[in-house]
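Down below is the structure, laid out as structure tokens.
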Amino acid sequence: MSDASINASNIRDDEPSFGDYFALLKPRVMSLVVFTALVGLLAAPVGVHPVIGFAAILFIAIGGGASGALNMWWDADIDQVMKRTKSRPIPAGKVEAGEALSLGLALSGLSCIMLGLATNLFAGAFLAFTIFFYVVIYTMWLKRATPQNIVIGGAAGAFPPVIGWIAATGTMSIEPWLMFALTFMWTPPHFWALALFMRSDYDDAGVPMLTVTHGRRATRVHILVYTVLLAILAVGTAFSGIGGPIYLAVAAVLNALFLHGAWKIYRRDEDDSEADNFKVERAFFKLSLLYLFLHFGAILVEALMKPYGLGGW
Amino acid sequence: MALRKEHELHKRRLGRNLGVGLLLGGFVVLVLALTMVKVTSTGFKFPQAQSQTEQN
């Protein structure tokens, strides 16, 4: 047998492409991680060299992607059942679960070590903790054990601005935790609205979503309560070191709209929702995406204006 | 499975190899850039000089 010969029986017709491996990193979630981490880094009261800042954001994003790959490895069984996740690389049969595990572990190690070397060890260690929290505490343990899974998962998704801040300063203070709290409190109403109009998905997968365990009425109440608490927090942040008049104006408008949406969801019953195919819930979900983006955008604008004597109070 | 001279599989492999190659090249450039930034920063000390300073 010459070196050039190929054993045809070993060749998979569906060999994964580069894009299939990239999809394991959950690029859409990664874009949220990149944006919020960037805001955390730039809102910090310390100047960062552009190359170091770029490296920090890149390795935080890779760390986030690694958590996504490990999440897909562990959740391959339920991803197969849910319509929303059926086309992910593992359930679609494009990538082996073991490959996702290897990629996730390798990228986790690489991202934490490189972030530690590029910025400071505290940032690297905090990224390692975030990956551990998302993969072990959320994905492996609590996601299938409690209807508060979304609340816990929200914490993992809320860490990136804190890591960005630590990468810049090497220390911790109240401001990054306000950014953490913003994402943390935003996640439950965002996902519970999704669960209301994607209901069969979570039912079929047996994930104890609030809609399944406590009913849809309770979910509507939860959305309203979390939105009220979120609004207080989001507007209150305007008066902290990362806030300012622009942020206050953005927060006032968005929170009024968000509260209005949550109130409408609370007032509706299932018949109303079925009648218009969950129009209000879908609109609330769409607004929630804009809500988070614009809040962090406003924090970024305030931070970028500070060197010119503008921004902040 | 018989392979034609130019199978779709080859394109996918080429894409994957190019992707990995570019990523590795980018990583090397990034590490180089980080090193340059670190060693040219004002507070930089060579490890040996640093340990001697600590001993004194």
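Naming works like this for the structure tokens: A, B, ... for the chains as they're shown, residue 1 at the start of each chain, ligands 1 onward in shown order.
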
Residues of range 38-75 of chain A in helix (DSSP H, G or I), written as JSON, numbers by chain: {"A": [38, 39, 40, 41, 42, 43, 50, 51, 52, 53, 54, 55, 56, 57, 58, 59, 60, 61, 62, 63, 64, 65, 66, 67, 68, 69, 70, 71, 72, 73, 74]}

Quick one: everything within 10 Å of Val29 in chain A, counting only C-alpha atoms, minus sequence neighbours fewer than 2 positions away in the same chain. Send it as a PyMOL selection string. chain A and resi 25-27+31-34+61+64-65+68+157

Atomic distance CA of Lys45 in chain B - CA of His49 in chain A, expressed in Å with one decimal: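 Distance between the two atoms: 18.0 Å.
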
Residues of chain B near chain A: apply a cut-off of 12 Å, count only C-alpha atoms, and supply the list as an NGL selection string. :B and (1-4 or 7-23 or 26-27 or 29-38 or 40-41)

Using only C-alpha atoms, can you tell me which of A:Pro188, A:Asp75, A:Ala125, A:Ala252 comes closest to Leu294 in chain A?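 Smallest separation from Leu294 in chain A among the options: A:Ala252.
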
Just want the 6 Å neighbourhood of range 128-134 of chain A, counted on only C-alpha atoms, with same-chain residues fewer than 4 positions away dropped. Output as a list in words. Ser67, Cys112, Tyr138 and Ala156 of chain A

If you count only C-alpha atoms, which residues fall within 7 Å of Ala298 in chain A, apart from same-chain ones fewer than 4 positions away, as a VMD selection string? chain A and resid 246 to 247 250 294 302

Generate the output file for the selected residues, C-alpha atoms, as a compact mmCIF listing (two decimals), in the first residue's frame.
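So the final result, stored in again22.txt, reads:
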# COMPACT_ATOMS: atom_id res chain seq x y z
CA ILE A 246 -27.03 59.85 28.66
CA TYR A 247 -27.29 56.53 30.45
CA VAL A 250 -31.60 55.62 27.80
CA LEU A 294 -28.51 49.84 24.60
CA GLU A 302 -20.35 57.65 29.03

Between A:Ala218, A:Val280, A:Ala23, A:Leu178, which is the closest to Lys94 in chain A once you count only C-alpha atoms? A:Ala23

Would you mind listing what lies within 7 Å of Val235 in chain A as a tab-separated table (two decimals) with N, CA and C atoms, in the first residue's frame, with only C-alpha atoms counted and same-chain residues fewer than 3 positions away left out?
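Result saved to selection09.tsv:
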chain	number	residue	atom	x	y	z
A	231	ALA	N	-35.68	47.14	36.68
A	231	ALA	CA	-35.85	48.57	36.37
A	231	ALA	C	-35.25	49.43	37.47
A	232	ILE	N	-35.49	49.04	38.73
A	232	ILE	CA	-34.93	49.80	39.86
A	232	ILE	C	-33.40	49.80	39.78
A	238	ALA	N	-27.57	54.54	36.96
A	238	ALA	CA	-27.29	55.85	36.33
A	238	ALA	C	-26.55	56.78	37.30
A	248	LEU	N	-28.84	57.69	31.89
A	248	LEU	CA	-30.12	57.88	32.59
A	248	LEU	C	-31.27	58.02	31.60
A	251	ALA	N	-31.87	54.60	30.00
A	251	ALA	CA	-32.47	53.67	30.97
A	251	ALA	C	-33.93	54.03	31.25
A	252	ALA	N	-34.22	55.33	31.34
A	252	ALA	CA	-35.60	55.74	31.64
A	252	ALA	C	-36.56	55.28	30.55

Length of the CA of Leu304 in chain A to CA of Phe159 in chain A vector [Å]: 21.6 Å

If we count only C-alpha atoms and set the cut-off at 9 Å, which residues sit around Ile152 in chain A, ignoring sequence neighbours fewer than 3 positions away in its own chain? Please answer as JSON, numbers by chain. {"A": [134, 137, 138, 142, 143, 148, 149, 155, 156, 184]}

So how many Å separate CA of Gly236 in chain A and CA of Pro176 in chain A, to one decimal?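 Computed distance, CA of Gly236 in chain A to CA of Pro176 in chain A, equals 14.1 Å.
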
Identify, on the basis of only C-alpha atoms, every residue whose closest approach to Leu105 in chain A does not exceed 9 Å; exclude the query and any residue fewer than 5 positions from it along the same chain; express the result as a PyMOL selection string. chain A and resi 66-67+69-70+100+110
